[in-house]
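A quick write-up on the structure given underneath.
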Amino acid sequence: MLVLLFKNFIRSKGTKIGLLFLLAIGFISLLIGHQFQEKQQNNITEAAIYQKEHIARNAAFHQDEIGLLLYYIKFSLVNKTLPINSLSIGQRDVNPSIQSVTIRGLEAQKYDSELNNPSNLLAGNIDFSFVLLYLFPLLIIAFSYNIISEEKESGTWKIVATQSPNTFLYILKLFYVRILILIGLLTLILLAAVIFLQIPIDKSFMVFYGISVLYLLFWFAVCFFIVSLQKNSNFNAVILLTIWLFLIIILPAGINTYIINTYKVPEALELTLTQRNAYHEKWDMDKQETLDKFYKHYPQFKNYTLPEKEFSWLWYYAMQQMGDDESAVHSKELETKLQQRNNAGEFMAQFIPTLHTQIQLNEIAKSDLRNQLLFLKETTQFHEKLRLYFYPKIFDNAPVNQEKWENFKVETFNDNSETSFVKAFLPLLLFNLLLISFAWRNFKRKTFI
């Protein structure tokens with residue numbers, strides 16, 4: 001019976017066109033992921049080459065004052081890009097994966113990013129997560145909306161009902177064939193991704209695959225429930241497309257608007273201006289007052305006193321530090337509000353399967369907001385480490401040529417946060433079981449078994 005149902009289904013020209021179209025779009029998404037992967041890798045390679053040449057060039061040019069040299073030198077920190085990130089680019093296309101900073105004021109540098117074409121950002125990337133979230137459900141709807149209604153409308157359902165000992169089991173087999181084919185197509189695309197994008201088959205990949213399968217089963221469960229209502233084909237098609245539109249576009253957009261208005265964040269530009277104003281006003285203030293504040297922040301440097309000359313690097317870098325300190329309140333507020341946005345989004349997504357899937361795929365790929373917040377936090381620690389290392393050398397005016405500048409390599413941040421199986425799988429499992437239970441009840445009431 002299953003073989004016959006499979007042959008009947010796959011024989012349809014519409015079925016073949018739909019599967020080939022989705023397969024082609026799936027492979028195109030892998031090409032886009034490969035381009036993204038290459039771009040990220042090229043940026044990291046170029047950053048390493050640039051830092052090495054940049055430090056060597058400036059060290060050769062500014063040999064007299066290490067304070068002046070460190071005014072120019074930039075040190076880079078890379079947010080590691082995993083191969084699986086190519087399947088779910090997430091926020092990596094708008095948030096920088098490389099932070100290059102001097103030891104001067106950090107807040108004016110933290111939110112620098114490369115320029116992007118706004119039109120491209122608006123359109124987004126057709127990565128695999130887009131194909132999975134948006135296109136797979138449409139094909140599931142197209143294959144499933146008229147499973148019973150078409151035969152009823154053509155007058156063949158009575159023949160099927162009389163010839164089949166269990167009509168409910170027959171309906172399950174119809175869905176089983178479609179589930180098998182779509183999961184097979186999903187598996188084929190992901191296996192191609194493993195080879196083409198060199199993605200390791202590890203825990204992250206298996207969770208990614210598991211969530212993808214559960215997401216497809218969720219849409220089959222939605223179709224199963226709508227079919228159980230036993231309405232005509234037009235009703236089924238309209239209601240399923242309405243559900244798709246609501247869950248994919250309208251509801252996420254509404255939640256995003258709510259979160260943005262509830263957790264209003266201060267603009268990064270405003271934070272930068274606050275830091276720069278706090279820094280610039282120190283030129284007109286008493287230098288000792290600036291140093292006293294600096295000593296309060298770093299009591300270990302109290303033994304360095306202000307020299308008699310008009311300009312000193314001790315005062316200059318103390319002034320830079322005070323700019324960061326006086327904008328710290330705004331910086332903490334921005335970080336807190338972004339964290340609140342992320343937490344609110346994750347909480348609400350547990351009750352919206354489409355949004356939950358998207359957030360989980362990005363989390364596995366380390367391309368979500370949480371990863372970006374961790375990277376910014378690591379950038380602050382990286383910058384502080386550089387300051388604490390170089391401040392004594394600047395204040396002592398250590399010889400430039402005694403520093404081993406070639407030892408300063410590009411550093412890498414590894415996000416080691418683990419994905420919870422319960423958090424990833426449970427919401428989708430519950431929705432699937434709930435919809436299947438309601439559909440079972442509908443079929444049972446209408447004496448299909």
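Every chain in the structure tokens has a letter given in the order shown (A, B, ...), and although residue numbers restart at 1 in each chain, ligands are simply numbered from 1 in the order shown.
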Where does segment 168-211 of chain A meet segment 138-159 of chain A within 10 Å, residue by residue, with the nearest atom pair and distance in Å to one decimal for each, counting only C-alpha atoms, listed by chain and rising number, as JSON lines?
{"residue": "A:Ile171", "atom": "CA", "partner": "A:Ile147", "partner_atom": "CA", "distance": 7.8}
{"residue": "A:Leu174", "atom": "CA", "partner": "A:Ile147", "partner_atom": "CA", "distance": 7.4}
{"residue": "A:Phe175", "atom": "CA", "partner": "A:Ser144", "partner_atom": "CA", "distance": 7.4}
{"residue": "A:Arg178", "atom": "CA", "partner": "A:Phe143", "partner_atom": "CA", "distance": 7.3}
{"residue": "A:Ile179", "atom": "CA", "partner": "A:Ile140", "partner_atom": "CA", "distance": 8.5}
{"residue": "A:Leu182", "atom": "CA", "partner": "A:Ile140", "partner_atom": "CA", "distance": 7.9}
Residues as selected, N, CA and C atoms, written as a short mmCIF file (atom, residue, chain, number, x, y, z; two decimals), in the first residue's frame, can you do that?
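To be explicit, this is the file written out as part.cif:
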data_model
loop_
_atom_site.label_atom_id
_atom_site.label_comp_id
_atom_site.auth_asym_id
_atom_site.auth_seq_id
_atom_site.Cartn_x
_atom_site.Cartn_y
_atom_site.Cartn_z
N ILE A 171 -5.36 7.60 5.88
CA ILE A 171 -4.98 9.03 5.93
C ILE A 171 -3.58 9.18 6.52
N LEU A 174 -1.06 8.45 3.93
CA LEU A 174 -0.91 9.55 2.98
C LEU A 174 0.04 10.61 3.54
N PHE A 175 -0.12 10.93 4.82
CA PHE A 175 0.77 11.90 5.46
C PHE A 175 2.18 11.33 5.61
N ARG A 178 4.27 11.77 2.51
CA ARG A 178 4.71 13.17 2.34
C ARG A 178 5.78 13.54 3.35
N ILE A 179 5.61 13.08 4.58
CA ILE A 179 6.62 13.35 5.62
C ILE A 179 7.95 12.72 5.23
N LEU A 182 9.63 14.77 2.32
CA LEU A 182 10.14 16.08 2.71
C LEU A 182 11.32 15.97 3.66
#
### Task
Within 10 Å of segment 202-208 of chain A, counting only C-alpha atoms, which residues show up once you throw out same-chain ones fewer than 3 positions away? Write them as a list of chain:residue names, please.
A:Pro83, A:Ile84, A:Leu87, A:Ser88, A:Leu190, A:Val194, A:Ile199, A:Ile211, A:Ser212, A:Val213, A:Thr357, A:Gln360, A:Leu361, A:Asn362, A:Glu363, A:Ile364, A:Ala365, A:Glu418, A:Thr419, A:Ser420, A:Phe421, A:Ala424, A:Phe425
Which segment 356-404 of chain A residues have any atom within 12 Å of an atom of segment 285-307 of chain A, and for each, what is the nearest pair of atoms with distance in Å to one decimal, counting only C-alpha atoms, rows sorted by chain and number, as CSV?
residue,atom,partner,partner_atom,distance
A:Glu384,CA,A:Tyr298,CA,11.5
A:Arg387,CA,A:Tyr298,CA,10.9
A:Leu388,CA,A:Tyr298,CA,9.3
A:Tyr391,CA,A:Phe301,CA,8.7
A:Pro392,CA,A:Phe301,CA,7.8
A:Lys393,CA,A:Tyr304,CA,11.4
A:Ile394,CA,A:Tyr304,CA,10.6
A:Phe395,CA,A:Tyr304,CA,6.9
A:Asp396,CA,A:Tyr304,CA,8.4
A:Asn397,CA,A:Tyr304,CA,11.5
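Of the residues listed (A:Phe196, A:Phe9, A:Phe220, A:Phe225), A:Phe225 shows the shortest atom-to-atom separation from Ala439 of chain A; distances use only C-alpha atoms.
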### Query
Within 9 Å of Glu65 of chain A, counting only C-alpha atoms, which residues qualify if same-chain residues fewer than 3 places away don't, as a PyMOL selection string?
chain A and resi 62+68-70+394+397-400
### Task
Any chance you could list, as a PyMOL selection string, the residues in segment 78-266 of chain A that come up strand (DSSP E) when DSSP is run on the backbone?
chain A and resi 78-79+98-101
#### Entry: Long-range neighbours of Ala192 of chain A as a PyMOL selection string, 12 Å cut-off, only C-alpha atoms, 3 positions minimum in chain
chain A and resi 23+26-31+34+87+128+185-189+195-199
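Going from atom CA of Glu333 of chain A over to atom CA of Glu346 of chain A, you cover 19.9 Å.
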### Spatial neighbours of segment 368-382 of chain A, 10 Å, only C-alpha atoms, chain gap at least 6 places, as a ChimeraX atom specification
/A:75-80,88-92,95-101,103,106-107,110-111,335-336,338-339,341-343,358-362,411-417
### Task
Please measure the separation of atom CA of Met348 of chain A and atom CA of Tyr134 of chain A, giving the value in Å to one decimal.
19.6 Å
### Task
Identify, on the basis of only C-alpha atoms, every residue whose closest approach to Glu53 of chain A does not exceed 12 Å; exclude the query and any residue fewer than 3 positions from it along the same chain; express the result as an NGL selection string.
:A and (46-50 or 56-60 or 73-75 or 405-406 or 408-409)
Could the residues in this selection be written to a file with N, CA and C atoms, as a CSV table (one decimal), in the first residue's frame?
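For reference, out11.csv as written:
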chain,number,residue,atom,x,y,z
A,46,GLU,N,42.8,38.7,6.5
A,46,GLU,CA,43.2,40.0,6.2
A,46,GLU,C,43.5,40.8,7.5
A,47,ALA,N,42.6,40.6,8.5
A,47,ALA,CA,42.8,41.3,9.8
A,47,ALA,C,44.2,40.9,10.4
A,48,ALA,N,44.5,39.6,10.3
A,48,ALA,CA,45.8,39.1,10.9
A,48,ALA,C,47.0,39.7,10.2
A,49,ILE,N,46.9,39.7,8.8
A,49,ILE,CA,48.0,40.3,8.0
A,49,ILE,C,48.1,41.8,8.3
A,50,TYR,N,46.9,42.5,8.3
A,50,TYR,CA,46.9,43.9,8.5
A,50,TYR,C,47.5,44.3,9.9
A,56,ALA,N,54.1,46.7,12.8
A,56,ALA,CA,55.5,46.8,12.4
A,56,ALA,C,55.8,48.2,11.8
A,57,ARG,N,54.8,48.7,11.0
A,57,ARG,CA,55.0,50.0,10.3
A,57,ARG,C,55.0,51.1,11.3
A,58,ASN,N,54.1,51.1,12.2
A,58,ASN,CA,54.0,52.2,13.2
A,58,ASN,C,55.1,52.1,14.2
A,59,ALA,N,55.6,50.9,14.6
A,59,ALA,CA,56.7,50.7,15.5
A,59,ALA,C,58.0,51.3,14.9
A,60,ALA,N,58.1,51.1,13.6
A,60,ALA,CA,59.3,51.6,12.9
A,60,ALA,C,59.3,53.1,12.8
A,73,ILE,N,48.1,52.3,17.2
A,73,ILE,CA,48.1,50.8,17.0
A,73,ILE,C,46.7,50.2,17.4
A,74,LYS,N,46.2,49.4,16.5
A,74,LYS,CA,45.0,48.7,16.8
A,74,LYS,C,45.3,47.2,17.0
A,75,PHE,N,44.5,46.6,17.9
A,75,PHE,CA,44.6,45.2,18.2
A,75,PHE,C,43.2,44.5,17.9
A,405,TRP,N,56.8,43.3,19.5
A,405,TRP,CA,55.6,43.6,18.9
A,405,TRP,C,55.0,42.4,18.0
A,406,GLU,N,56.0,41.6,17.5
A,406,GLU,CA,55.5,40.5,16.7
A,406,GLU,C,54.7,39.4,17.5
A,408,PHE,N,52.2,40.1,19.3
A,408,PHE,CA,50.8,40.5,19.4
A,408,PHE,C,50.0,40.0,18.2
A,409,LYS,N,49.3,38.9,18.3
A,409,LYS,CA,48.6,38.3,17.3
A,409,LYS,C,47.1,38.6,17.4
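Between atom CA of Leu82 of chain A and atom CA of Phe21 of chain A there is a distance of 28.2 Å.
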### helix (DSSP H, G or I) call set, DSSP backbone run, segment 60-181 of chain A, as an MDAnalysis selection string
chainID A and resid 60:61 66:72 83:86 90:93 107:110 118:123 128:144 149:154 157:163 167:181
Restricting the output to C-alpha atoms, write the selected residues as a PDB file, in the first residue's frame.
ATOM      1  CA  ALA A  60      59.328  51.621  12.935  1.00  0.00           C
ATOM      2  CA  PHE A  61      57.901  55.130  12.457  1.00  0.00           C
ATOM      3  CA  ILE A  66      55.484  54.429  23.172  1.00  0.00           C
ATOM      4  CA  GLY A  67      52.516  56.575  24.220  1.00  0.00           C
ATOM      5  CA  LEU A  68      52.334  58.098  20.742  1.00  0.00           C
ATOM      6  CA  LEU A  69      52.794  54.690  19.120  1.00  0.00           C
ATOM      7  CA  LEU A  70      49.914  53.180  21.103  1.00  0.00           C
ATOM      8  CA  TYR A  71      47.704  56.102  20.100  1.00  0.00           C
ATOM      9  CA  TYR A  72      47.671  54.599  16.592  1.00  0.00           C
ATOM     10  CA  PRO A  83      31.064  26.243   9.796  1.00  0.00           C
ATOM     11  CA  ILE A  84      27.410  25.644  10.772  1.00  0.00           C
ATOM     12  CA  ASN A  85      26.968  29.430  10.843  1.00  0.00           C
ATOM     13  CA  SER A  86      26.749  29.203   7.035  1.00  0.00           C
ATOM     14  CA  GLY A  90      21.400  35.281  11.759  1.00  0.00           C
ATOM     15  CA  GLN A  91      22.780  38.611  12.960  1.00  0.00           C
ATOM     16  CA  ARG A  92      26.317  37.991  11.727  1.00  0.00           C
ATOM     17  CA  ASP A  93      25.560  39.964   8.555  1.00  0.00           C
ATOM     18  CA  GLU A 107      32.957  53.157  23.935  1.00  0.00           C
ATOM     19  CA  ALA A 108      33.727  55.228  20.842  1.00  0.00           C
ATOM     20  CA  GLN A 109      35.105  52.085  19.154  1.00  0.00           C
ATOM     21  CA  LYS A 110      32.896  49.243  20.422  1.00  0.00           C
ATOM     22  CA  PRO A 118      20.930  49.028   3.315  1.00  0.00           C
ATOM     23  CA  SER A 119      18.996  47.423   0.457  1.00  0.00           C
ATOM     24  CA  ASN A 120      20.921  44.185   0.913  1.00  0.00           C
ATOM     25  CA  LEU A 121      20.331  44.238   4.651  1.00  0.00           C
ATOM     26  CA  LEU A 122      16.621  44.806   4.088  1.00  0.00           C
ATOM     27  CA  ALA A 123      16.382  41.883   1.685  1.00  0.00           C
ATOM     28  CA  PHE A 128      19.285  27.558   4.651  1.00  0.00           C
ATOM     29  CA  SER A 129      17.356  28.735   7.726  1.00  0.00           C
ATOM     30  CA  PHE A 130      15.287  30.995   5.439  1.00  0.00           C
ATOM     31  CA  VAL A 131      14.512  28.072   3.123  1.00  0.00           C
ATOM     32  CA  LEU A 132      13.574  25.890   6.085  1.00  0.00           C
ATOM     33  CA  LEU A 133      11.457  28.462   7.913  1.00  0.00           C
ATOM     34  CA  TYR A 134       9.650  30.045   4.956  1.00  0.00           C
ATOM     35  CA  LEU A 135       9.639  27.699   1.960  1.00  0.00           C
ATOM     36  CA  PHE A 136       9.414  24.178   3.360  1.00  0.00           C
ATOM     37  CA  PRO A 137       6.070  24.973   5.085  1.00  0.00           C
ATOM     38  CA  LEU A 138       4.618  26.275   1.818  1.00  0.00           C
ATOM     39  CA  LEU A 139       5.466  23.025   0.061  1.00  0.00           C
ATOM     40  CA  ILE A 140       4.030  21.016   2.968  1.00  0.00           C
ATOM     41  CA  ILE A 141       0.797  23.017   2.690  1.00  0.00           C
ATOM     42  CA  ALA A 142       0.700  22.509  -1.089  1.00  0.00           C
ATOM     43  CA  PHE A 143       1.150  18.744  -0.680  1.00  0.00           C
ATOM     44  CA  SER A 144      -1.271  18.259   2.208  1.00  0.00           C
ATOM     45  CA  SER A 149     -11.117  17.027   0.263  1.00  0.00           C
ATOM     46  CA  GLU A 150      -9.829  16.416  -3.276  1.00  0.00           C
ATOM     47  CA  GLU A 151     -11.085  12.841  -3.295  1.00  0.00           C
ATOM     48  CA  LYS A 152     -14.392  13.914  -1.756  1.00  0.00           C
ATOM     49  CA  GLU A 153     -14.834  16.611  -4.380  1.00  0.00           C
ATOM     50  CA  SER A 154     -13.996  14.208  -7.211  1.00  0.00           C
ATOM     51  CA  TRP A 157     -13.614   9.061  -1.428  1.00  0.00           C
ATOM     52  CA  LYS A 158     -16.541   6.661  -0.971  1.00  0.00           C
ATOM     53  CA  ILE A 159     -14.655   4.039  -2.981  1.00  0.00           C
ATOM     54  CA  VAL A 160     -11.564   4.545  -0.801  1.00  0.00           C
ATOM     55  CA  ALA A 161     -13.675   4.388   2.382  1.00  0.00           C
ATOM     56  CA  THR A 162     -15.331   1.125   1.377  1.00  0.00           C
ATOM     57  CA  GLN A 163     -12.130  -0.547   0.133  1.00  0.00           C
ATOM     58  CA  THR A 167      -9.770   5.022   6.703  1.00  0.00           C
ATOM     59  CA  PHE A 168      -7.872   6.777   9.479  1.00  0.00           C
ATOM     60  CA  LEU A 169      -4.874   4.517   8.898  1.00  0.00           C
ATOM     61  CA  TYR A 170      -5.128   5.291   5.186  1.00  0.00           C
ATOM     62  CA  ILE A 171      -4.979   9.032   5.933  1.00  0.00           C
ATOM     63  CA  LEU A 172      -1.955   8.454   8.186  1.00  0.00           C
ATOM     64  CA  LYS A 173      -0.216   6.644   5.333  1.00  0.00           C
ATOM     65  CA  LEU A 174      -0.905   9.552   2.982  1.00  0.00           C
ATOM     66  CA  PHE A 175       0.768  11.899   5.456  1.00  0.00           C
ATOM     67  CA  TYR A 176       3.560   9.410   6.130  1.00  0.00           C
ATOM     68  CA  VAL A 177       4.523   9.359   2.441  1.00  0.00           C
ATOM     69  CA  ARG A 178       4.709  13.165   2.340  1.00  0.00           C
ATOM     70  CA  ILE A 179       6.625  13.347   5.620  1.00  0.00           C
ATOM     71  CA  LEU A 180       9.120  10.775   4.385  1.00  0.00           C
ATOM     72  CA  ILE A 181       9.739  12.635   1.118  1.00  0.00           C
TER      73      ILE A 181
END
